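Raw my_file39.cif, mmCIF, C-alpha atoms:
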```cif
data_data
loop_
_atom_site.group_PDB
_atom_site.id
_atom_site.type_symbol
_atom_site.label_atom_id
_atom_site.label_comp_id
_atom_site.auth_asym_id
_atom_site.auth_seq_id
_atom_site.Cartn_x
_atom_site.Cartn_y
_atom_site.Cartn_z
ATOM 1 C CA MET N 1 -70.781 74.235 -28.994
ATOM 2 C CA VAL N 2 -67.861 74.409 -26.631
ATOM 3 C CA ARG N 3 -66.630 71.039 -25.363
ATOM 4 C CA LYS N 4 -65.892 70.953 -21.637
ATOM 5 C CA GLN N 5 -62.380 69.733 -20.938
ATOM 6 C CA THR N 6 -61.545 67.709 -17.837
ATOM 7 C CA GLU N 7 -58.334 68.575 -16.028
ATOM 8 C CA THR N 8 -56.224 65.533 -15.309
ATOM 9 C CA HIS N 9 -53.226 67.221 -13.664
ATOM 10 C CA GLY N 10 -50.930 64.853 -15.529
ATOM 11 C CA GLU N 11 -52.701 61.706 -14.292
ATOM 12 C CA GLU N 12 -53.990 59.017 -16.632
ATOM 13 C CA SER N 13 -57.625 58.061 -16.548
ATOM 14 C CA PRO N 14 -58.436 54.726 -14.845
ATOM 15 C CA GLU N 15 -58.852 53.143 -18.282
ATOM 16 C CA MET N 16 -55.352 54.285 -19.312
ATOM 17 C CA GLN N 17 -53.529 53.231 -16.156
ATOM 18 C CA PRO N 18 -51.675 49.901 -16.323
ATOM 19 C CA LYS N 19 -53.230 47.093 -14.329
ATOM 20 C CA ILE N 20 -51.225 45.932 -11.331
ATOM 21 C CA SER N 21 -51.420 42.252 -10.457
ATOM 22 C CA HIS N 22 -52.439 41.076 -7.015
ATOM 23 C CA ALA N 23 -48.990 39.483 -6.563
ATOM 24 C CA ALA N 24 -47.287 42.810 -7.314
ATOM 25 C CA LEU N 25 -49.420 44.549 -4.689
ATOM 26 C CA ILE N 26 -48.762 41.905 -2.035
ATOM 27 C CA ARG N 27 -45.007 41.595 -2.678
ATOM 28 C CA PRO N 28 -43.812 44.764 -0.845
ATOM 29 C CA GLN N 29 -46.005 43.942 2.146
ATOM 30 C CA THR N 30 -44.656 40.381 2.340
ATOM 31 C CA LEU N 31 -41.028 41.484 2.030
ATOM 32 C CA ALA N 32 -41.573 44.018 4.811
ATOM 33 C CA ASP N 33 -43.215 41.336 6.955
ATOM 34 C CA ILE N 34 -40.258 38.959 6.428
ATOM 35 C CA GLU N 35 -37.863 41.722 7.471
ATOM 36 C CA MET N 36 -39.822 42.749 10.562
ATOM 37 C CA ARG N 37 -40.567 39.421 12.260
ATOM 38 C CA GLU N 38 -39.591 35.770 12.515
ATOM 39 C CA PRO N 39 -42.019 33.289 10.943
ATOM 40 C CA ASP N 40 -44.448 31.536 13.272
ATOM 41 C CA SER N 41 -44.606 27.737 13.460
ATOM 42 C CA LYS N 42 -47.283 27.447 10.754
ATOM 43 C CA GLU N 43 -45.095 29.422 8.357
ATOM 44 C CA ILE N 44 -42.095 27.111 8.766
ATOM 45 C CA TRP N 45 -41.933 24.158 6.387
ATOM 46 C CA TYR N 46 -39.090 21.772 5.558
ATOM 47 C CA GLY N 47 -37.320 21.309 2.243
ATOM 48 C CA HIS N 48 -34.948 18.725 0.804
ATOM 49 C CA SER N 49 -32.825 19.992 -2.091
ATOM 50 C CA ILE N 50 -33.915 17.056 -4.281
ATOM 51 C CA LEU N 51 -36.975 15.298 -2.827
ATOM 52 C CA THR N 52 -39.014 18.498 -2.380
ATOM 53 C CA SER N 53 -37.674 20.461 -5.347
ATOM 54 C CA THR N 54 -35.360 19.664 -8.273
ATOM 55 C CA LEU N 55 -36.242 15.985 -8.706
ATOM 56 C CA PHE N 56 -39.583 17.064 -10.149
ATOM 57 C CA PRO N 57 -39.309 18.620 -13.626
ATOM 58 C CA PRO N 58 -40.632 22.176 -14.044
ATOM 59 C CA THR N 59 -42.853 21.088 -16.951
ATOM 60 C CA GLN N 60 -44.116 17.755 -18.263
ATOM 61 C CA PRO N 61 -41.175 16.067 -20.067
ATOM 62 C CA ALA N 62 -41.529 15.153 -23.721
ATOM 63 C CA ALA N 63 -43.325 11.926 -24.570
ATOM 64 C CA GLY N 64 -40.939 8.998 -24.516
ATOM 65 C CA THR N 65 -38.836 10.323 -21.627
ATOM 66 C CA ASP N 66 -37.970 7.269 -19.536
ATOM 67 C CA PHE N 67 -36.744 9.042 -16.418
ATOM 68 C CA VAL N 68 -35.265 12.206 -14.927
ATOM 69 C CA SER N 69 -32.460 12.181 -12.379
ATOM 70 C CA LYS N 70 -30.409 14.327 -9.993
ATOM 71 C CA THR N 71 -27.091 13.565 -8.330
ATOM 72 C CA ASN N 72 -25.908 14.528 -4.853
ATOM 73 C CA GLY N 73 -22.345 13.439 -4.192
ATOM 74 C CA THR N 74 -22.262 9.646 -4.497
ATOM 75 C CA LEU N 75 -26.061 9.442 -4.587
ATOM 76 C CA GLU N 76 -28.259 9.571 -7.664
ATOM 77 C CA TYR N 77 -32.018 10.065 -7.384
ATOM 78 C CA VAL N 78 -33.977 8.752 -10.385
ATOM 79 C CA LEU N 79 -37.647 9.617 -10.932
ATOM 80 C CA GLU N 80 -39.724 7.422 -13.240
ATOM 81 C CA ALA N 81 -43.247 8.330 -14.252
ATOM 82 C CA GLY N 82 -46.008 6.075 -13.018
ATOM 83 C CA ILE N 83 -49.333 5.343 -14.678
ATOM 84 C CA ASP N 84 -51.982 7.870 -13.732
ATOM 85 C CA PRO N 85 -54.870 5.774 -12.329
ATOM 86 C CA GLU N 86 -57.372 8.290 -13.666
ATOM 87 C CA GLU N 87 -56.144 8.815 -17.246
ATOM 88 C CA ARG N 88 -54.292 5.491 -17.592
ATOM 89 C CA LYS N 89 -51.313 7.303 -19.091
ATOM 90 C CA ARG N 90 -47.680 7.440 -17.992
ATOM 91 C CA LYS N 91 -47.027 10.995 -16.754
ATOM 92 C CA PHE N 92 -44.512 12.731 -14.481
ATOM 93 C CA PRO N 93 -45.463 14.914 -11.529
ATOM 94 C CA TYR N 94 -44.165 18.381 -12.397
ATOM 95 C CA GLY N 95 -44.213 22.062 -11.491
ATOM 96 C CA LYS N 96 -44.812 23.678 -8.127
ATOM 97 C CA TYR N 97 -47.498 21.443 -6.641
ATOM 98 C CA PRO N 98 -45.401 18.260 -6.130
ATOM 99 C CA ARG N 99 -42.799 20.504 -4.505
ATOM 100 C CA LEU N 100 -45.364 22.003 -2.141
ATOM 101 C CA VAL N 101 -46.955 18.645 -1.310
ATOM 102 C CA MET N 102 -43.594 17.031 -0.518
ATOM 103 C CA ALA N 103 -42.516 20.023 1.599
ATOM 104 C CA TRP N 104 -45.843 19.898 3.449
ATOM 105 C CA ILE N 105 -45.310 16.166 4.092
ATOM 106 C CA ALA N 106 -41.802 16.904 5.420
ATOM 107 C CA LYS N 107 -43.277 19.537 7.755
ATOM 108 C CA GLN N 108 -45.888 17.103 9.074
ATOM 109 C CA ILE N 109 -43.261 14.408 9.650
ATOM 110 C CA ARG N 110 -41.084 16.885 11.564
ATOM 111 C CA ALA N 111 -44.022 18.162 13.610
ATOM 112 C CA ALA N 112 -45.139 14.633 14.507
ATOM 113 C CA GLY N 113 -41.777 13.362 15.687
ATOM 114 C CA ARG N 114 -42.612 10.049 17.343
ATOM 115 C CA HIS N 115 -46.246 10.908 18.061
ATOM 116 C CA LYS N 116 -49.280 10.139 15.921
ATOM 117 C CA THR N 117 -51.093 13.187 14.563
ATOM 118 C CA GLU N 118 -54.051 13.871 12.304
ATOM 119 C CA TYR N 119 -51.762 13.615 9.280
ATOM 120 C CA VAL N 120 -48.908 11.285 10.274
ATOM 121 C CA ASP N 121 -48.569 7.888 11.922
ATOM 122 C CA PRO N 122 -44.794 7.513 12.517
ATOM 123 C CA GLU N 123 -45.072 3.834 13.469
ATOM 124 C CA THR N 124 -46.513 2.844 10.081
ATOM 125 C CA ARG N 125 -45.124 5.852 8.119
ATOM 126 C CA THR N 126 -48.692 6.587 6.980
ATOM 127 C CA ILE N 127 -49.562 10.058 5.679
ATOM 128 C CA THR N 128 -53.271 10.955 5.596
ATOM 129 C CA ILE N 129 -54.749 13.756 3.518
ATOM 130 C CA PRO N 130 -58.436 13.905 4.552
ATOM 131 C CA SER N 131 -59.377 16.061 1.580
ATOM 132 C CA ILE N 132 -57.873 18.268 -1.103
ATOM 133 C CA TRP N 133 -59.868 21.105 0.468
ATOM 134 C CA GLN N 134 -58.044 20.594 3.778
ATOM 135 C CA LEU N 135 -54.671 20.198 2.042
ATOM 136 C CA CYS N 136 -55.203 23.480 0.158
ATOM 137 C CA ASN N 137 -56.148 25.170 3.423
ATOM 138 C CA GLU N 138 -52.960 23.871 5.066
ATOM 139 C CA MET N 139 -50.864 25.108 2.132
ATOM 140 C CA GLY N 140 -52.575 28.511 1.957
ATOM 141 C CA LEU N 141 -53.984 27.917 -1.535
ATOM 142 C CA PRO N 142 -57.464 28.461 -3.003
ATOM 143 C CA ARG N 143 -59.637 25.570 -1.874
ATOM 144 C CA GLY N 144 -61.685 24.932 -4.977
ATOM 145 C CA GLY N 145 -61.963 25.202 -8.736
ATOM 146 C CA LYS N 146 -58.917 24.782 -10.951
ATOM 147 C CA THR N 147 -56.428 24.781 -8.058
ATOM 148 C CA ALA N 148 -58.111 21.809 -6.366
ATOM 149 C CA ASP N 149 -58.301 19.950 -9.684
ATOM 150 C CA LYS N 150 -54.612 20.600 -10.376
ATOM 151 C CA ILE N 151 -53.468 19.518 -6.920
ATOM 152 C CA GLN N 152 -55.604 16.394 -7.112
ATOM 153 C CA GLU N 153 -54.009 15.517 -10.458
ATOM 154 C CA GLN N 154 -50.439 16.209 -9.289
ATOM 155 C CA LEU N 155 -50.985 14.229 -6.081
ATOM 156 C CA ARG N 156 -52.085 11.221 -8.169
ATOM 157 C CA LEU N 157 -49.017 11.548 -10.393
ATOM 158 C CA LEU N 158 -46.726 11.981 -7.390
ATOM 159 C CA LEU N 159 -48.006 8.906 -5.579
ATOM 160 C CA SER N 160 -47.929 6.832 -8.765
ATOM 161 C CA SER N 161 -44.320 7.698 -9.597
ATOM 162 C CA HIS N 162 -41.244 5.654 -8.689
ATOM 163 C CA ILE N 163 -37.932 6.742 -7.171
ATOM 164 C CA THR N 164 -34.648 4.873 -7.362
ATOM 165 C CA ILE N 165 -31.787 5.971 -5.100
ATOM 166 C CA ARG N 166 -28.407 4.689 -6.295
ATOM 167 C CA ARG N 167 -25.111 4.980 -4.456
ATOM 168 C CA THR N 168 -21.864 4.812 -6.454
ATOM 169 C CA THR N 169 -18.574 4.092 -4.716
ATOM 170 C CA GLY N 170 -15.148 4.084 -6.356
ATOM 171 C CA PHE N 171 -12.274 1.649 -6.140
ATOM 172 C CA ALA N 172 -9.022 1.141 -8.003
ATOM 173 C CA GLY N 173 -9.881 0.506 -11.631
ATOM 174 C CA GLY N 174 -13.659 0.881 -11.509
ATOM 175 C CA LYS N 175 -16.877 1.663 -9.632
ATOM 176 C CA LEU N 176 -19.420 -0.166 -7.546
ATOM 177 C CA HIS N 177 -23.130 0.518 -8.030
ATOM 178 C CA ASP N 178 -25.389 -0.251 -5.092
ATOM 179 C CA MET N 179 -28.981 0.236 -6.224
ATOM 180 C CA VAL N 180 -31.976 0.487 -3.925
ATOM 181 C CA SER N 181 -35.198 0.582 -5.908
ATOM 182 C CA LEU N 182 -37.888 2.504 -4.066
ATOM 183 C CA PRO N 183 -41.373 3.707 -4.888
ATOM 184 C CA ILE N 184 -42.320 6.867 -3.050
ATOM 185 C CA VAL N 185 -45.058 4.867 -1.358
ATOM 186 C CA GLU N 186 -45.540 1.232 -0.398
ATOM 187 C CA ALA N 187 -49.316 1.464 -0.514
ATOM 188 C CA VAL N 188 -51.859 4.136 -1.361
ATOM 189 C CA ARG N 189 -55.632 4.571 -1.263
ATOM 190 C CA PHE N 190 -57.360 7.371 -3.183
ATOM 191 C CA LYS N 191 -60.788 8.703 -2.280
ATOM 192 C CA GLU N 192 -61.990 10.389 -5.471
ATOM 193 C CA ASP N 193 -65.046 12.649 -5.572
ATOM 194 C CA ASP N 194 -66.130 13.042 -9.193
ATOM 195 C CA ALA N 195 -68.486 15.916 -8.420
ATOM 196 C CA ASN N 196 -65.996 18.026 -6.455
ATOM 197 C CA ALA N 197 -62.241 17.434 -6.437
ATOM 198 C CA ALA N 198 -61.933 19.420 -3.200
ATOM 199 C CA PHE N 199 -63.586 16.561 -1.293
ATOM 200 C CA SER N 200 -61.158 13.924 -2.623
ATOM 201 C CA GLY N 201 -58.470 12.616 -0.299
ATOM 202 C CA SER N 202 -55.878 9.895 0.141
ATOM 203 C CA ALA N 203 -53.820 7.883 2.610
ATOM 204 C CA PHE N 204 -50.432 6.380 1.756
ATOM 205 C CA VAL N 205 -47.474 4.648 3.356
ATOM 206 C CA LEU N 206 -44.096 6.225 2.581
ATOM 207 C CA THR N 207 -41.134 3.916 2.099
ATOM 208 C CA GLN N 208 -38.646 3.874 4.996
ATOM 209 C CA GLU N 209 -35.914 5.517 2.884
ATOM 210 C CA VAL N 210 -38.047 8.430 1.699
ATOM 211 C CA TYR N 211 -39.597 8.932 5.155
ATOM 212 C CA ASN N 212 -36.170 8.988 6.821
ATOM 213 C CA ARG N 213 -34.682 11.438 4.322
ATOM 214 C CA LEU N 214 -37.575 13.850 4.747
ATOM 215 C CA ALA N 215 -37.325 13.491 8.541
ATOM 216 C CA ARG N 216 -33.555 13.826 8.892
ATOM 217 C CA GLU N 217 -32.190 15.702 5.875
ATOM 218 C CA SER N 218 -34.796 18.405 5.361
ATOM 219 C CA ALA N 219 -34.066 21.983 6.460
ATOM 220 C CA PRO N 220 -36.566 24.648 7.588
ATOM 221 C CA PHE N 221 -37.651 27.473 5.308
ATOM 222 C CA ASP N 222 -40.070 30.399 5.455
ATOM 223 C CA THR N 223 -43.283 29.844 3.487
ATOM 224 C CA ARG N 224 -43.777 33.604 3.126
ATOM 225 C CA ALA N 225 -40.575 33.584 1.072
ATOM 226 C CA SER N 226 -41.454 30.451 -0.894
ATOM 227 C CA SER N 227 -44.909 31.819 -1.775
ATOM 228 C CA LEU N 228 -43.324 34.888 -3.351
ATOM 229 C CA LEU N 229 -40.734 32.801 -5.195
ATOM 230 C CA LEU N 230 -43.433 30.528 -6.642
ATOM 231 C CA SER N 231 -45.730 33.383 -7.678
ATOM 232 C CA GLY N 232 -44.135 33.589 -11.133
ATOM 233 C CA ARG N 233 -44.004 31.061 -13.949
ATOM 234 C CA SER N 234 -40.640 29.551 -13.024
ATOM 235 C CA VAL N 235 -39.909 27.200 -10.113
ATOM 236 C CA LEU N 236 -36.170 27.967 -10.360
ATOM 237 C CA PRO N 237 -36.115 30.726 -7.664
ATOM 238 C CA TYR N 238 -37.877 28.399 -5.236
ATOM 239 C CA ASP N 239 -35.496 25.508 -5.973
ATOM 240 C CA VAL N 240 -32.483 27.766 -5.456
ATOM 241 C CA TYR N 241 -33.953 29.061 -2.183
ATOM 242 C CA VAL N 242 -34.542 25.534 -0.818
ATOM 243 C CA TRP N 243 -30.991 24.542 -1.789
ATOM 244 C CA ILE N 244 -29.382 27.606 -0.184
ATOM 245 C CA THR N 245 -31.414 27.357 3.041
ATOM 246 C CA GLY N 246 -30.298 23.746 3.429
ATOM 247 C CA SER N 247 -26.688 24.460 2.496
ATOM 248 C CA MET N 248 -26.328 27.251 5.074
ATOM 249 C CA LYS N 249 -27.407 25.047 7.990
ATOM 250 C CA ASN N 250 -23.920 23.821 8.942
ATOM 251 C CA LEU N 251 -21.724 25.694 6.477
ATOM 252 C CA ASP N 252 -18.526 26.818 8.253
ATOM 253 C CA HIS N 253 -16.291 27.564 5.245
ATOM 254 C CA ASP N 254 -16.578 29.067 1.771
ATOM 255 C CA LEU N 255 -18.096 26.554 -0.656
ATOM 256 C CA PRO N 256 -17.462 27.058 -4.408
ATOM 257 C CA VAL N 257 -20.153 25.394 -6.547
ATOM 258 C CA SER N 258 -19.284 25.108 -10.232
ATOM 259 C CA TRP N 259 -21.603 26.280 -12.984
ATOM 260 C CA ASP N 260 -21.550 22.766 -14.457
ATOM 261 C CA TRP N 261 -22.843 21.330 -11.169
ATOM 262 C CA LEU N 262 -25.499 24.031 -10.921
ATOM 263 C CA TYR N 263 -26.615 23.436 -14.518
ATOM 264 C CA GLU N 264 -26.980 19.705 -13.899
ATOM 265 C CA ARG N 265 -28.982 20.320 -10.740
ATOM 266 C CA PHE N 266 -31.164 23.291 -11.777
ATOM 267 C CA GLY N 267 -31.004 23.543 -15.564
ATOM 268 C CA ASP N 268 -34.000 21.423 -16.608
ATOM 269 C CA GLY N 269 -35.696 22.931 -19.652
ATOM 270 C CA ILE N 270 -32.981 25.584 -20.196
ATOM 271 C CA ALA N 271 -31.279 25.018 -23.552
ATOM 272 C CA ASP N 272 -27.743 26.283 -22.970
ATOM 273 C CA MET N 273 -25.315 27.389 -20.279
ATOM 274 C CA ARG N 274 -25.381 31.066 -21.251
ATOM 275 C CA ASN N 275 -29.146 31.286 -20.828
ATOM 276 C CA PHE N 276 -28.948 29.247 -17.638
ATOM 277 C CA ARG N 277 -26.421 31.612 -16.049
ATOM 278 C CA LEU N 278 -28.695 34.560 -16.778
ATOM 279 C CA LYS N 279 -31.754 32.843 -15.298
ATOM 280 C CA PHE N 280 -29.815 31.561 -12.298
ATOM 281 C CA ARG N 281 -28.472 35.059 -11.508
ATOM 282 C CA ARG N 282 -32.030 36.397 -11.638
ATOM 283 C CA ALA N 283 -33.129 33.599 -9.307
ATOM 284 C CA LEU N 284 -30.327 34.527 -6.887
ATOM 285 C CA ASP N 285 -31.508 38.149 -6.950
ATOM 286 C CA LYS N 286 -35.004 37.015 -5.948
ATOM 287 C CA VAL N 287 -33.623 34.772 -3.218
ATOM 288 C CA SER N 288 -31.623 37.721 -1.856
ATOM 289 C CA GLU N 289 -34.851 39.708 -1.491
ATOM 290 C CA VAL N 290 -36.481 37.107 0.757
ATOM 291 C CA TYR N 291 -33.285 35.837 2.416
ATOM 292 C CA PRO N 292 -31.018 38.908 2.642
ATOM 293 C CA ALA N 293 -28.734 37.254 5.220
ATOM 294 C CA ALA N 294 -27.558 34.687 2.664
ATOM 295 C CA ARG N 295 -24.037 35.572 1.474
ATOM 296 C CA PHE N 296 -22.673 34.379 -1.841
ATOM 297 C CA THR N 297 -20.376 35.545 -4.637
ATOM 298 C CA VAL N 298 -20.972 34.937 -8.331
ATOM 299 C CA THR N 299 -17.844 34.416 -10.464
ATOM 300 C CA ARG N 300 -17.158 33.195 -13.987
ATOM 301 C CA LYS N 301 -16.353 29.701 -12.723
ATOM 302 C CA ALA N 302 -18.663 29.223 -9.780
ATOM 303 C CA VAL N 303 -21.132 30.514 -7.237
ATOM 304 C CA ILE N 304 -19.363 30.681 -3.871
ATOM 305 C CA LEU N 305 -21.502 30.212 -0.780
ATOM 306 C CA HIS N 306 -20.204 31.970 2.333
ATOM 307 C CA PRO N 307 -21.158 30.997 5.914
ATOM 308 C CA SER N 308 -24.340 32.907 6.727
ATOM 309 C CA PRO N 309 -27.118 33.066 9.315
ATOM 310 C CA THR N 310 -29.775 30.457 8.613
ATOM 311 C CA ALA N 311 -33.046 31.497 7.010
ATOM 312 C CA ILE N 312 -34.882 30.320 10.117
ATOM 313 C CA ALA N 313 -33.337 31.262 13.456
ATOM 314 C CA ALA N 314 -32.519 28.264 15.654
ATOM 315 C CA HIS N 315 -34.656 27.862 18.748
ATOM 316 C CA PRO N 316 -33.587 25.683 21.699
ATOM 317 C CA LYS N 317 -36.913 23.826 21.794
ATOM 318 C CA SER N 318 -37.217 23.322 18.038
ATOM 319 C CA VAL N 319 -36.837 19.924 16.409
ATOM 320 C CA GLU N 320 -33.199 19.205 15.581
ATOM 321 C CA THR N 321 -32.545 19.368 11.828
ATOM 322 C CA THR N 322 -29.769 18.062 9.645
ATOM 323 C CA ALA N 323 -28.559 20.043 6.618
ATOM 324 C CA VAL N 324 -29.111 18.613 3.186
ATOM 325 C CA GLU N 325 -25.932 17.063 1.872
ATOM 326 C CA GLU N 326 -24.353 19.212 -0.784
#
```
Take the structure in this file and express it as structure tokens.
Amino acid sequence: MVRKQTETHGEESPEMQPKISHAALIRPQTLADIEMREPDSKEIWYGHSILTSTLFPPTQPAAGTDFVSKTNGTLEYVLEAGIDPEERKRKFPYGKYPRLVMAWIAKQIRAAGRHKTEYVDPETRTITIPSIWQLCNEMGLPRGGKTADKIQEQLRLLLSSHITIRRTTGFAGGKLHDMVSLPIVEAVRFKEDDANAAFSGSAFVLTQEVYNRLARESAPFDTRASSLLLSGRSVLPYDVYVWITGSMKNLDHDLPVSWDWLYERFGDGIADMRNFRLKFRRALDKVSEVYPAARFTVTRKAVILHPSPTAIAAHPKSVETTAVEE
């Protein structure tokens, strides 16, 4: 019997072809979209280089970790884990979801201004999340299943945690430490739905300090870019993007940033400087894809930021923003 051979013309059969992830298929389209048009108002969120990014560890710290901290000039931000009201364990908020929630809160605060909205009451500094389903919809995330469960958990951890902002000032022969101890919230109410996490919600009152910093020090960024940067396993590209977008707001001179400073700010979970430099360079490459106008030079001693167009073009009628202190 003669076996019939199928001509393939050099192409692999469907079973032999490598599978391409959904993110890989969407990436070229998103990059082209970023290049072709300005983001609309729904695609513009606000980031703070610490409060919406690096203050939150990329993974859950080892048991026994008392706190994590980040410095910004004379300020030090200290994050202490609260007690999860559901599991009754002390855990840190971590990963991408606290970052997204805090950036979404900053956006809502900016959008509200002095007027009460569905999500923000500026007079009482109250933030309302009617449901996890609605929050996911606002953030462009799947509205059910594991995503809703994860966001519900991270929201609990975020609102249970505690932030201390400490200012250190120098004088001849020593230092002064002015400490302001602040929870993220003054009061919080959870509405938990045991049958479906998507229907759970919350309302909470932000402290004056945290509310003001999100309102005044956050800088706009493009959520199309941030979605791509958070599509991998690492939050480092996103953190670098938020930092650079804020730094470029009022930058009018070259700014050298030492590798030691960068390691302290972005190096959580990376064992040594050599590995950090490699990962940071890769993060910069990804940032350049979504923010090609950003100009910087990488040297052996530092990363030098050069004055560049902002990631979001300024509009006369837009809310006035203040660059994150760097």
Write out as a JSON list (two decimals) with C-alpha atoms, in the frame of the given file each polymer residue whose atoms come within 10 Å of region 52-60 of chain N, counting all atoms listed in the file; drop sequence neighbours fewer than 2 positions from it.
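Below you can see result26.json, which holds the result:
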```json
[["chain", "number", "residue", "atom", "x", "y", "z"],
["N", 46, "TYR", "CA", -39.09, 21.77, 5.56],
["N", 47, "GLY", "CA", -37.32, 21.31, 2.24],
["N", 48, "HIS", "CA", -34.95, 18.73, 0.80],
["N", 49, "SER", "CA", -32.83, 19.99, -2.09],
["N", 50, "ILE", "CA", -33.92, 17.06, -4.28],
["N", 62, "ALA", "CA", -41.53, 15.15, -23.72],
["N", 63, "ALA", "CA", -43.32, 11.93, -24.57],
["N", 65, "THR", "CA", -38.84, 10.32, -21.63],
["N", 68, "VAL", "CA", -35.26, 12.21, -14.93],
["N", 69, "SER", "CA", -32.46, 12.18, -12.38],
["N", 70, "LYS", "CA", -30.41, 14.33, -9.99],
["N", 71, "THR", "CA", -27.09, 13.56, -8.33],
["N", 77, "TYR", "CA", -32.02, 10.06, -7.38],
["N", 78, "VAL", "CA", -33.98, 8.75, -10.38],
["N", 79, "LEU", "CA", -37.65, 9.62, -10.93],
["N", 91, "LYS", "CA", -47.03, 11.00, -16.75],
["N", 92, "PHE", "CA", -44.51, 12.73, -14.48],
["N", 93, "PRO", "CA", -45.46, 14.91, -11.53],
["N", 94, "TYR", "CA", -44.16, 18.38, -12.40],
["N", 95, "GLY", "CA", -44.21, 22.06, -11.49],
["N", 96, "LYS", "CA", -44.81, 23.68, -8.13],
["N", 97, "TYR", "CA", -47.50, 21.44, -6.64],
["N", 98, "PRO", "CA", -45.40, 18.26, -6.13],
["N", 99, "ARG", "CA", -42.80, 20.50, -4.50],
["N", 100, "LEU", "CA", -45.36, 22.00, -2.14],
["N", 101, "VAL", "CA", -46.96, 18.64, -1.31],
["N", 102, "MET", "CA", -43.59, 17.03, -0.52],
["N", 103, "ALA", "CA", -42.52, 20.02, 1.60],
["N", 104, "TRP", "CA", -45.84, 19.90, 3.45],
["N", 105, "ILE", "CA", -45.31, 16.17, 4.09],
["N", 106, "ALA", "CA", -41.80, 16.90, 5.42],
["N", 158, "LEU", "CA", -46.73, 11.98, -7.39],
["N", 163, "ILE", "CA", -37.93, 6.74, -7.17],
["N", 214, "LEU", "CA", -37.58, 13.85, 4.75],
["N", 218, "SER", "CA", -34.80, 18.40, 5.36],
["N", 233, "ARG", "CA", -44.00, 31.06, -13.95],
["N", 234, "SER", "CA", -40.64, 29.55, -13.02],
["N", 235, "VAL", "CA", -39.91, 27.20, -10.11],
["N", 236, "LEU", "CA", -36.17, 27.97, -10.36],
["N", 238, "TYR", "CA", -37.88, 28.40, -5.24],
["N", 239, "ASP", "CA", -35.50, 25.51, -5.97],
["N", 240, "VAL", "CA", -32.48, 27.77, -5.46],
["N", 241, "TYR", "CA", -33.95, 29.06, -2.18],
["N", 242, "VAL", "CA", -34.54, 25.53, -0.82],
["N", 243, "TRP", "CA", -30.99, 24.54, -1.79],
["N", 265, "ARG", "CA", -28.98, 20.32, -10.74],
["N", 266, "PHE", "CA", -31.16, 23.29, -11.78],
["N", 267, "GLY", "CA", -31.00, 23.54, -15.56],
["N", 268, "ASP", "CA", -34.00, 21.42, -16.61],
["N", 269, "GLY", "CA", -35.70, 22.93, -19.65]]
```
Nearest to Ile129 (chain N) by atom-to-atom distance, counting all atoms listed in the file, from N:Glu86, N:Ser231, N:Pro237, N:Lys191: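 With all atoms listed in the file as the atom set, the closest residue is N:Lys191.
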With a distance cut-off of 9 Å and all atoms listed in the file, select the neighbouring residues of Ile127 (chain N), excluding the residue or stretch itself and same-chain residues fewer than 5 positions from it, and output the selection as a PDB file with C-alpha atoms, keeping the file's coordinate frame.
```pdb
ATOM      1  CA  ILE N 105     -45.310  16.166   4.092  1.00  0.00           C
ATOM      2  CA  GLN N 108     -45.888  17.103   9.074  1.00  0.00           C
ATOM      3  CA  ILE N 109     -43.261  14.408   9.650  1.00  0.00           C
ATOM      4  CA  GLU N 118     -54.051  13.871  12.304  1.00  0.00           C
ATOM      5  CA  TYR N 119     -51.762  13.615   9.280  1.00  0.00           C
ATOM      6  CA  VAL N 120     -48.908  11.285  10.274  1.00  0.00           C
ATOM      7  CA  ASP N 121     -48.569   7.888  11.922  1.00  0.00           C
ATOM      8  CA  PRO N 122     -44.794   7.513  12.517  1.00  0.00           C
ATOM      9  CA  SER N 202     -55.878   9.895   0.141  1.00  0.00           C
ATOM     10  CA  ALA N 203     -53.820   7.883   2.610  1.00  0.00           C
ATOM     11  CA  PHE N 204     -50.432   6.380   1.756  1.00  0.00           C
ATOM     12  CA  VAL N 205     -47.474   4.648   3.356  1.00  0.00           C
ATOM     13  CA  LEU N 206     -44.096   6.225   2.581  1.00  0.00           C
TER      14      LEU N 206
END
```
Point-to-point distance from CA of Ser131 (chain N) to CA of Glu217 (chain N), Å rounded to tenths: 27.5 Å
Of the listed residues N:Ile244, N:Ile34, N:Val287, N:Met273, that which approaches Ile304 (chain N) most closely, counting all atoms listed in the file: N:Ile244
Answer key for the PyMOL selection byres ((chain N and resi 31) around 10), residues as a PDB file with C-alpha atoms, in the coordinates of the input:
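Result saved to expr_5.pdb:
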```pdb
ATOM      1  CA  ILE N  26     -48.762  41.905  -2.035  1.00  0.00           C
ATOM      2  CA  ARG N  27     -45.007  41.595  -2.678  1.00  0.00           C
ATOM      3  CA  PRO N  28     -43.812  44.764  -0.845  1.00  0.00           C
ATOM      4  CA  GLN N  29     -46.005  43.942   2.146  1.00  0.00           C
ATOM      5  CA  THR N  30     -44.656  40.381   2.340  1.00  0.00           C
ATOM      6  CA  ALA N  32     -41.573  44.018   4.811  1.00  0.00           C
ATOM      7  CA  ASP N  33     -43.215  41.336   6.955  1.00  0.00           C
ATOM      8  CA  ILE N  34     -40.258  38.959   6.428  1.00  0.00           C
ATOM      9  CA  GLU N  35     -37.863  41.722   7.471  1.00  0.00           C
ATOM     10  CA  MET N  36     -39.822  42.749  10.562  1.00  0.00           C
ATOM     11  CA  ARG N 224     -43.777  33.604   3.126  1.00  0.00           C
ATOM     12  CA  ALA N 225     -40.575  33.584   1.072  1.00  0.00           C
ATOM     13  CA  LEU N 228     -43.324  34.888  -3.351  1.00  0.00           C
ATOM     14  CA  GLU N 289     -34.851  39.708  -1.491  1.00  0.00           C
ATOM     15  CA  VAL N 290     -36.481  37.107   0.757  1.00  0.00           C
ATOM     16  CA  TYR N 291     -33.285  35.837   2.416  1.00  0.00           C
TER      17      TYR N 291
END
```
